file query-v8.pdb (PDB, N, CA, C and O atoms)
ATOM      1  N   MET E  30     -89.996  40.813  -1.772  1.00  0.00           N
ATOM      2  CA  MET E  30     -91.405  40.533  -1.574  1.00  0.00           C
ATOM      3  C   MET E  30     -91.575  39.107  -1.071  1.00  0.00           C
ATOM      4  O   MET E  30     -90.879  38.209  -1.516  1.00  0.00           O
ATOM      5  N   ARG E  31     -92.510  38.947  -0.154  1.00  0.00           N
ATOM      6  CA  ARG E  31     -92.836  37.623   0.354  1.00  0.00           C
ATOM      7  C   ARG E  31     -94.320  37.385   0.142  1.00  0.00           C
ATOM      8  O   ARG E  31     -95.138  38.286   0.343  1.00  0.00           O
ATOM      9  N   TYR E  32     -94.647  36.184  -0.241  1.00  0.00           N
ATOM     10  CA  TYR E  32     -96.029  35.824  -0.510  1.00  0.00           C
ATOM     11  C   TYR E  32     -96.434  34.627   0.327  1.00  0.00           C
ATOM     12  O   TYR E  32     -95.628  33.734   0.589  1.00  0.00           O
ATOM     13  N   ARG E  33     -97.683  34.616   0.739  1.00  0.00           N
ATOM     14  CA  ARG E  33     -98.257  33.501   1.480  1.00  0.00           C
ATOM     15  C   ARG E  33     -99.417  32.965   0.654  1.00  0.00           C
ATOM     16  O   ARG E  33    -100.135  33.719   0.005  1.00  0.00           O
ATOM     17  N   LEU E  34     -99.611  31.668   0.694  1.00  0.00           N
ATOM     18  CA  LEU E  34    -100.611  31.012  -0.138  1.00  0.00           C
ATOM     19  C   LEU E  34    -101.630  30.320   0.741  1.00  0.00           C
ATOM     20  O   LEU E  34    -101.273  29.607   1.681  1.00  0.00           O
ATOM     21  N   GLY E  35    -102.897  30.525   0.431  1.00  0.00           N
ATOM     22  CA  GLY E  35    -103.986  29.807   1.085  1.00  0.00           C
ATOM     23  C   GLY E  35    -104.713  28.979   0.046  1.00  0.00           C
ATOM     24  O   GLY E  35    -104.939  29.443  -1.073  1.00  0.00           O
ATOM     25  N   VAL E  36    -105.060  27.756   0.398  1.00  0.00           N
ATOM     26  CA  VAL E  36    -105.717  26.852  -0.544  1.00  0.00           C
ATOM     27  C   VAL E  36    -106.952  26.267   0.116  1.00  0.00           C
ATOM     28  O   VAL E  36    -106.887  25.760   1.236  1.00  0.00           O
ATOM     29  N   ASP E  37    -108.078  26.338  -0.578  1.00  0.00           N
ATOM     30  CA  ASP E  37    -109.312  25.709  -0.130  1.00  0.00           C
ATOM     31  C   ASP E  37    -109.760  24.770  -1.236  1.00  0.00           C
ATOM     32  O   ASP E  37    -110.193  25.207  -2.294  1.00  0.00           O
ATOM     33  N   VAL E  38    -109.612  23.477  -0.994  1.00  0.00           N
ATOM     34  CA  VAL E  38    -109.954  22.475  -2.002  1.00  0.00           C
ATOM     35  C   VAL E  38    -111.364  21.978  -1.733  1.00  0.00           C
ATOM     36  O   VAL E  38    -111.648  21.445  -0.660  1.00  0.00           O
ATOM     37  N   GLY E  39    -112.230  22.167  -2.709  1.00  0.00           N
ATOM     38  CA  GLY E  39    -113.598  21.673  -2.612  1.00  0.00           C
ATOM     39  C   GLY E  39    -113.783  20.474  -3.515  1.00  0.00           C
ATOM     40  O   GLY E  39    -112.823  19.932  -4.057  1.00  0.00           O
ATOM     41  N   GLY E  40    -115.014  20.063  -3.707  1.00  0.00           N
ATOM     42  CA  GLY E  40    -115.290  18.909  -4.555  1.00  0.00           C
ATOM     43  C   GLY E  40    -115.055  19.183  -6.026  1.00  0.00           C
ATOM     44  O   GLY E  40    -114.447  18.390  -6.727  1.00  0.00           O
ATOM     45  N   THR E  41    -115.530  20.325  -6.511  1.00  0.00           N
ATOM     46  CA  THR E  41    -115.407  20.619  -7.942  1.00  0.00           C
ATOM     47  C   THR E  41    -114.600  21.885  -8.232  1.00  0.00           C
ATOM     48  O   THR E  41    -114.316  22.165  -9.383  1.00  0.00           O
ATOM     49  N   PHE E  42    -114.257  22.643  -7.187  1.00  0.00           N
ATOM     50  CA  PHE E  42    -113.475  23.861  -7.380  1.00  0.00           C
ATOM     51  C   PHE E  42    -112.380  23.965  -6.326  1.00  0.00           C
ATOM     52  O   PHE E  42    -112.543  23.508  -5.205  1.00  0.00           O
ATOM     53  N   THR E  43    -111.284  24.596  -6.707  1.00  0.00           N
ATOM     54  CA  THR E  43    -110.203  24.920  -5.788  1.00  0.00           C
ATOM     55  C   THR E  43    -110.084  26.434  -5.745  1.00  0.00           C
ATOM     56  O   THR E  43    -110.047  27.083  -6.790  1.00  0.00           O
ATOM     57  N   ASP E  44    -110.058  26.991  -4.560  1.00  0.00           N
ATOM     58  CA  ASP E  44    -109.951  28.434  -4.381  1.00  0.00           C
ATOM     59  C   ASP E  44    -108.563  28.734  -3.825  1.00  0.00           C
ATOM     60  O   ASP E  44    -108.170  28.195  -2.795  1.00  0.00           O
ATOM     61  N   ILE E  45    -107.818  29.578  -4.532  1.00  0.00           N
ATOM     62  CA  ILE E  45    -106.460  29.943  -4.145  1.00  0.00           C
ATOM     63  C   ILE E  45    -106.436  31.407  -3.729  1.00  0.00           C
ATOM     64  O   ILE E  45    -106.980  32.262  -4.414  1.00  0.00           O
ATOM     65  N   LEU E  46    -105.794  31.696  -2.607  1.00  0.00           N
ATOM     66  CA  LEU E  46    -105.625  33.057  -2.149  1.00  0.00           C
ATOM     67  C   LEU E  46    -104.125  33.303  -1.975  1.00  0.00           C
ATOM     68  O   LEU E  46    -103.453  32.601  -1.216  1.00  0.00           O
ATOM     69  N   LEU E  47    -103.602  34.268  -2.697  1.00  0.00           N
ATOM     70  CA  LEU E  47    -102.189  34.630  -2.631  1.00  0.00           C
ATOM     71  C   LEU E  47    -102.095  35.997  -1.970  1.00  0.00           C
ATOM     72  O   LEU E  47    -102.743  36.947  -2.394  1.00  0.00           O
ATOM     73  N   ILE E  48    -101.301  36.086  -0.894  1.00  0.00           N
ATOM     74  CA  ILE E  48    -101.202  37.318  -0.118  1.00  0.00           C
ATOM     75  C   ILE E  48     -99.767  37.846  -0.178  1.00  0.00           C
ATOM     76  O   ILE E  48     -98.827  37.123   0.135  1.00  0.00           O
ATOM     77  N   ASP E  49     -99.622  39.098  -0.595  1.00  0.00           N
ATOM     78  CA  ASP E  49     -98.332  39.784  -0.561  1.00  0.00           C
ATOM     79  C   ASP E  49     -98.127  40.235   0.881  1.00  0.00           C
ATOM     80  O   ASP E  49     -98.851  41.106   1.373  1.00  0.00           O
ATOM     81  N   GLU E  50     -97.189  39.640   1.583  1.00  0.00           N
ATOM     82  CA  GLU E  50     -97.004  39.935   3.002  1.00  0.00           C
ATOM     83  C   GLU E  50     -96.450  41.331   3.253  1.00  0.00           C
ATOM     84  O   GLU E  50     -96.585  41.848   4.355  1.00  0.00           O
ATOM     85  N   ASP E  51     -95.837  41.949   2.262  1.00  0.00           N
ATOM     86  CA  ASP E  51     -95.303  43.297   2.443  1.00  0.00           C
ATOM     87  C   ASP E  51     -96.401  44.360   2.356  1.00  0.00           C
ATOM     88  O   ASP E  51     -96.414  45.311   3.126  1.00  0.00           O
ATOM     89  N   THR E  52     -97.319  44.199   1.421  1.00  0.00           N
ATOM     90  CA  THR E  52     -98.348  45.209   1.203  1.00  0.00           C
ATOM     91  C   THR E  52     -99.732  44.798   1.705  1.00  0.00           C
ATOM     92  O   THR E  52    -100.604  45.638   1.843  1.00  0.00           O
ATOM     93  N   GLY E  53     -99.941  43.505   1.928  1.00  0.00           N
ATOM     94  CA  GLY E  53    -101.253  43.011   2.332  1.00  0.00           C
ATOM     95  C   GLY E  53    -102.205  42.804   1.170  1.00  0.00           C
ATOM     96  O   GLY E  53    -103.337  42.389   1.357  1.00  0.00           O
ATOM     97  N   ARG E  54    -101.754  43.084  -0.025  1.00  0.00           N
ATOM     98  CA  ARG E  54    -102.605  42.911  -1.208  1.00  0.00           C
ATOM     99  C   ARG E  54    -102.878  41.426  -1.439  1.00  0.00           C
ATOM    100  O   ARG E  54    -101.993  40.592  -1.238  1.00  0.00           O
ATOM    101  N   THR E  55    -104.088  41.112  -1.857  1.00  0.00           N
ATOM    102  CA  THR E  55    -104.459  39.720  -2.080  1.00  0.00           C
ATOM    103  C   THR E  55    -104.849  39.495  -3.535  1.00  0.00           C
ATOM    104  O   THR E  55    -105.368  40.384  -4.204  1.00  0.00           O
ATOM    105  N   TYR E  56    -104.590  38.299  -3.996  1.00  0.00           N
ATOM    106  CA  TYR E  56    -104.938  37.860  -5.343  1.00  0.00           C
ATOM    107  C   TYR E  56    -105.664  36.531  -5.189  1.00  0.00           C
ATOM    108  O   TYR E  56    -105.231  35.656  -4.449  1.00  0.00           O
ATOM    109  N   ARG E  57    -106.778  36.368  -5.879  1.00  0.00           N
ATOM    110  CA  ARG E  57    -107.582  35.170  -5.736  1.00  0.00           C
ATOM    111  C   ARG E  57    -107.788  34.523  -7.102  1.00  0.00           C
ATOM    112  O   ARG E  57    -107.969  35.200  -8.102  1.00  0.00           O
ATOM    113  N   ALA E  58    -107.746  33.195  -7.101  1.00  0.00           N
ATOM    114  CA  ALA E  58    -108.010  32.430  -8.320  1.00  0.00           C
ATOM    115  C   ALA E  58    -108.886  31.242  -7.954  1.00  0.00           C
ATOM    116  O   ALA E  58    -108.663  30.575  -6.944  1.00  0.00           O
ATOM    117  N   LYS E  59    -109.894  30.999  -8.756  1.00  0.00           N
ATOM    118  CA  LYS E  59    -110.769  29.849  -8.557  1.00  0.00           C
ATOM    119  C   LYS E  59    -110.656  28.981  -9.803  1.00  0.00           C
ATOM    120  O   LYS E  59    -110.837  29.472 -10.913  1.00  0.00           O
ATOM    121  N   THR E  60    -110.309  27.713  -9.605  1.00  0.00           N
ATOM    122  CA  THR E  60    -110.108  26.830 -10.743  1.00  0.00           C
ATOM    123  C   THR E  60    -110.915  25.550 -10.568  1.00  0.00           C
ATOM    124  O   THR E  60    -111.184  25.127  -9.445  1.00  0.00           O
ATOM    125  N   PRO E  61    -111.308  24.928 -11.671  1.00  0.00           N
ATOM    126  CA  PRO E  61    -112.014  23.652 -11.570  1.00  0.00           C
ATOM    127  C   PRO E  61    -111.093  22.583 -10.991  1.00  0.00           C
ATOM    128  O   PRO E  61    -109.884  22.615 -11.189  1.00  0.00           O
ATOM    129  N   SER E  62    -111.677  21.675 -10.262  1.00  0.00           N
ATOM    130  CA  SER E  62    -110.935  20.596  -9.650  1.00  0.00           C
ATOM    131  C   SER E  62    -111.791  19.334  -9.724  1.00  0.00           C
ATOM    132  O   SER E  62    -113.000  19.414  -9.861  1.00  0.00           O
ATOM    133  N   THR E  63    -111.161  18.204  -9.633  1.00  0.00           N
ATOM    134  CA  THR E  63    -111.918  16.958  -9.606  1.00  0.00           C
ATOM    135  C   THR E  63    -111.592  16.227  -8.313  1.00  0.00           C
ATOM    136  O   THR E  63    -110.452  16.280  -7.839  1.00  0.00           O
ATOM    137  N   PRO E  64    -112.543  15.554  -7.723  1.00  0.00           N
ATOM    138  CA  PRO E  64    -112.292  14.881  -6.446  1.00  0.00           C
ATOM    139  C   PRO E  64    -111.169  13.844  -6.502  1.00  0.00           C
ATOM    140  O   PRO E  64    -110.465  13.654  -5.524  1.00  0.00           O
ATOM    141  N   HIS E  65    -110.953  13.217  -7.650  1.00  0.00           N
ATOM    142  CA  HIS E  65    -109.928  12.175  -7.725  1.00  0.00           C
ATOM    143  C   HIS E  65    -108.523  12.731  -7.967  1.00  0.00           C
ATOM    144  O   HIS E  65    -107.541  12.030  -7.773  1.00  0.00           O
ATOM    145  N   ASP E  66    -108.400  13.996  -8.399  1.00  0.00           N
ATOM    146  CA  ASP E  66    -107.074  14.594  -8.586  1.00  0.00           C
ATOM    147  C   ASP E  66    -107.157  16.093  -8.351  1.00  0.00           C
ATOM    148  O   ASP E  66    -107.196  16.884  -9.280  1.00  0.00           O
ATOM    149  N   GLN E  67    -107.163  16.484  -7.089  1.00  0.00           N
ATOM    150  CA  GLN E  67    -107.309  17.888  -6.737  1.00  0.00           C
ATOM    151  C   GLN E  67    -106.030  18.689  -6.953  1.00  0.00           C
ATOM    152  O   GLN E  67    -106.063  19.906  -7.012  1.00  0.00           O
ATOM    153  N   SER E  68    -104.909  18.007  -7.123  1.00  0.00           N
ATOM    154  CA  SER E  68    -103.646  18.727  -7.326  1.00  0.00           C
ATOM    155  C   SER E  68    -103.657  19.531  -8.618  1.00  0.00           C
ATOM    156  O   SER E  68    -103.013  20.575  -8.702  1.00  0.00           O
ATOM    157  N   ILE E  69    -104.403  19.074  -9.609  1.00  0.00           N
ATOM    158  CA  ILE E  69    -104.496  19.814 -10.878  1.00  0.00           C
ATOM    159  C   ILE E  69    -105.091  21.193 -10.639  1.00  0.00           C
ATOM    160  O   ILE E  69    -104.585  22.200 -11.120  1.00  0.00           O
ATOM    161  N   GLY E  70    -106.160  21.261  -9.866  1.00  0.00           N
ATOM    162  CA  GLY E  70    -106.783  22.549  -9.555  1.00  0.00           C
ATOM    163  C   GLY E  70    -105.885  23.441  -8.728  1.00  0.00           C
ATOM    164  O   GLY E  70    -105.841  24.648  -8.923  1.00  0.00           O
ATOM    165  N   VAL E  71    -105.129  22.849  -7.802  1.00  0.00           N
ATOM    166  CA  VAL E  71    -104.220  23.625  -6.953  1.00  0.00           C
ATOM    167  C   VAL E  71    -103.101  24.230  -7.795  1.00  0.00           C
ATOM    168  O   VAL E  71    -102.808  25.426  -7.706  1.00  0.00           O
ATOM    169  N   LEU E  72    -102.464  23.423  -8.632  1.00  0.00           N
ATOM    170  CA  LEU E  72    -101.362  23.921  -9.461  1.00  0.00           C
ATOM    171  C   LEU E  72    -101.831  24.975 -10.457  1.00  0.00           C
ATOM    172  O   LEU E  72    -101.175  25.993 -10.650  1.00  0.00           O
ATOM    173  N   ALA E  73    -102.968  24.726 -11.091  1.00  0.00           N
ATOM    174  CA  ALA E  73    -103.502  25.701 -12.049  1.00  0.00           C
ATOM    175  C   ALA E  73    -103.856  27.003 -11.338  1.00  0.00           C
ATOM    176  O   ALA E  73    -103.594  28.099 -11.848  1.00  0.00           O
ATOM    177  N   GLY E  74    -104.431  26.908 -10.144  1.00  0.00           N
ATOM    178  CA  GLY E  74    -104.784  28.104  -9.379  1.00  0.00           C
ATOM    179  C   GLY E  74    -103.571  28.892  -8.935  1.00  0.00           C
ATOM    180  O   GLY E  74    -103.573  30.121  -8.948  1.00  0.00           O
ATOM    181  N   MET E  75    -102.514  28.178  -8.536  1.00  0.00           N
ATOM    182  CA  MET E  75    -101.276  28.862  -8.144  1.00  0.00           C
ATOM    183  C   MET E  75    -100.699  29.641  -9.315  1.00  0.00           C
ATOM    184  O   MET E  75    -100.281  30.792  -9.159  1.00  0.00           O
ATOM    185  N   ARG E  76    -100.667  29.015 -10.486  1.00  0.00           N
ATOM    186  CA  ARG E  76    -100.139  29.715 -11.668  1.00  0.00           C
ATOM    187  C   ARG E  76    -101.000  30.926 -12.016  1.00  0.00           C
ATOM    188  O   ARG E  76    -100.481  31.996 -12.352  1.00  0.00           O
ATOM    189  N   LYS E  77    -102.307  30.770 -11.921  1.00  0.00           N
ATOM    190  CA  LYS E  77    -103.234  31.854 -12.254  1.00  0.00           C
ATOM    191  C   LYS E  77    -103.084  33.029 -11.275  1.00  0.00           C
ATOM    192  O   LYS E  77    -103.028  34.187 -11.682  1.00  0.00           O
ATOM    193  N   ALA E  78    -102.997  32.741  -9.977  1.00  0.00           N
ATOM    194  CA  ALA E  78    -102.842  33.797  -8.972  1.00  0.00           C
ATOM    195  C   ALA E  78    -101.485  34.482  -9.111  1.00  0.00           C
ATOM    196  O   ALA E  78    -101.384  35.704  -8.980  1.00  0.00           O
ATOM    197  N   ALA E  79    -100.438  33.707  -9.387  1.00  0.00           N
ATOM    198  CA  ALA E  79     -99.110  34.293  -9.569  1.00  0.00           C
ATOM    199  C   ALA E  79     -99.090  35.216 -10.782  1.00  0.00           C
ATOM    200  O   ALA E  79     -98.510  36.304 -10.725  1.00  0.00           O
ATOM    201  N   ALA E  80     -99.720  34.799 -11.863  1.00  0.00           N
ATOM    202  CA  ALA E  80     -99.774  35.640 -13.065  1.00  0.00           C
ATOM    203  C   ALA E  80    -100.519  36.943 -12.770  1.00  0.00           C
ATOM    204  O   ALA E  80    -100.107  38.020 -13.219  1.00  0.00           O
ATOM    205  N   GLU E  81    -101.592  36.857 -11.998  1.00  0.00           N
ATOM    206  CA  GLU E  81    -102.353  38.060 -11.638  1.00  0.00           C
ATOM    207  C   GLU E  81    -101.502  39.019 -10.804  1.00  0.00           C
ATOM    208  O   GLU E  81    -101.596  40.229 -10.938  1.00  0.00           O
ATOM    209  N   ALA E  82    -100.628  38.445  -9.944  1.00  0.00           N
ATOM    210  CA  ALA E  82     -99.758  39.262  -9.106  1.00  0.00           C
ATOM    211  C   ALA E  82     -98.529  39.766  -9.868  1.00  0.00           C
ATOM    212  O   ALA E  82     -97.781  40.594  -9.365  1.00  0.00           O
ATOM    213  N   GLY E  83     -98.288  39.216 -11.067  1.00  0.00           N
ATOM    214  CA  GLY E  83     -97.135  39.634 -11.850  1.00  0.00           C
ATOM    215  C   GLY E  83     -95.841  38.990 -11.398  1.00  0.00           C
ATOM    216  O   GLY E  83     -94.774  39.580 -11.559  1.00  0.00           O
ATOM    217  N   ILE E  84     -95.938  37.784 -10.833  1.00  0.00           N
ATOM    218  CA  ILE E  84     -94.749  37.073 -10.370  1.00  0.00           C
ATOM    219  C   ILE E  84     -94.739  35.674 -10.973  1.00  0.00           C
ATOM    220  O   ILE E  84     -95.716  35.238 -11.568  1.00  0.00           O
ATOM    221  N   SER E  85     -93.624  34.973 -10.792  1.00  0.00           N
ATOM    222  CA  SER E  85     -93.569  33.577 -11.233  1.00  0.00           C
ATOM    223  C   SER E  85     -93.995  32.693 -10.063  1.00  0.00           C
ATOM    224  O   SER E  85     -93.838  33.087  -8.901  1.00  0.00           O
ATOM    225  N   PRO E  86     -94.539  31.498 -10.333  1.00  0.00           N
ATOM    226  CA  PRO E  86     -94.933  30.606  -9.236  1.00  0.00           C
ATOM    227  C   PRO E  86     -93.771  30.293  -8.295  1.00  0.00           C
ATOM    228  O   PRO E  86     -93.984  30.047  -7.111  1.00  0.00           O
ATOM    229  N   GLY E  87     -92.540  30.319  -8.779  1.00  0.00           N
ATOM    230  CA  GLY E  87     -91.377  30.048  -7.953  1.00  0.00           C
ATOM    231  C   GLY E  87     -91.121  31.105  -6.882  1.00  0.00           C
ATOM    232  O   GLY E  87     -90.382  30.872  -5.942  1.00  0.00           O
ATOM    233  N   GLU E  88     -91.732  32.258  -7.016  1.00  0.00           N
ATOM    234  CA  GLU E  88     -91.548  33.331  -6.037  1.00  0.00           C
ATOM    235  C   GLU E  88     -92.469  33.174  -4.826  1.00  0.00           C
ATOM    236  O   GLU E  88     -92.343  33.918  -3.857  1.00  0.00           O
ATOM    237  N   ILE E  89     -93.384  32.229  -4.879  1.00  0.00           N
ATOM    238  CA  ILE E  89     -94.281  31.984  -3.746  1.00  0.00           C
ATOM    239  C   ILE E  89     -93.509  31.147  -2.730  1.00  0.00           C
ATOM    240  O   ILE E  89     -92.919  30.145  -3.070  1.00  0.00           O
ATOM    241  N   GLY E  90     -93.519  31.581  -1.477  1.00  0.00           N
ATOM    242  CA  GLY E  90     -92.782  30.886  -0.431  1.00  0.00           C
ATOM    243  C   GLY E  90     -93.310  29.483  -0.171  1.00  0.00           C
ATOM    244  O   GLY E  90     -94.428  29.140  -0.533  1.00  0.00           O
ATOM    245  N   GLN E  91     -92.485  28.690   0.451  1.00  0.00           N
ATOM    246  CA  GLN E  91     -92.850  27.313   0.786  1.00  0.00           C
ATOM    247  C   GLN E  91     -93.958  27.319   1.807  1.00  0.00           C
ATOM    248  O   GLN E  91     -93.955  28.051   2.731  1.00  0.00           O
TER     249      GLN E  91
END

call {"tool": "encode", "arguments": {"input": "query-v8.pdb", "output": "structure tokens"}}
result
Amino acid sequence: MRYRLGVDVGGTFTDILLIDEDTGRTYRAKTPSTPHDQSIGVLAGMRKAAAEAGISPGEIGQ
């Protein structure tokens, strides 16, 4: 399985879209973010989307 990740960082929320490239199935996670440290929202969203897909964050491609 191969996964592609889309990230939309806003002012107070980060929206993560995880796409299974084999099936086209998508998983979405929206997490709170702060303007001074948006990486927290990105990492939390990645973990949340991966859990929804039933995979580990390490299985998401670079």

call {"tool": "select_by_dssp", "arguments": {"input": "query-v8.pdb", "residues": "chain E", "states": "strand (DSSP E or B)", "output": "list of chain:residue names"}}
result
E:Tyr32, E:Arg33, E:Leu34, E:Gly35, E:Val36, E:Asp37, E:Val38, E:Phe42, E:Thr43, E:Asp44, E:Ile45, E:Leu46, E:Leu47, E:Ile48, E:Asp49, E:Thr55, E:Tyr56, E:Arg57, E:Ala58, E:Lys59, E:Thr60, E:Pro61, E:Thr63, E:Asp66

call {"tool": "residues_around", "arguments": {"input": "query-v8.pdb", "residues": "range 67-76 of chain E", "least_positions_apart": "2", "cutoff": "8 Å", "atoms": "only N, CA, C and O atoms", "output": "ChimeraX atom specification"}}
result
/E:35-47,56-65,78-87

call {"tool": "atom_distance", "arguments": {"input": "query-v8.pdb", "atom1": "atom N of Asp49 in chain E", "atom2": "atom N of Asp66 in chain E"}}
result
27.7 Å

call {"tool": "atom_distance", "arguments": {"input": "query-v8.pdb", "atom1": "atom N of Ile89 in chain E", "atom2": "atom C of Asp51 in chain E"}}
result
14.4 Å

call {"tool": "atom_distance", "arguments": {"input": "query-v8.pdb", "atom1": "atom N of Arg33 in chain E", "atom2": "atom O of Thr52 in chain E"}}
result
11.5 Å
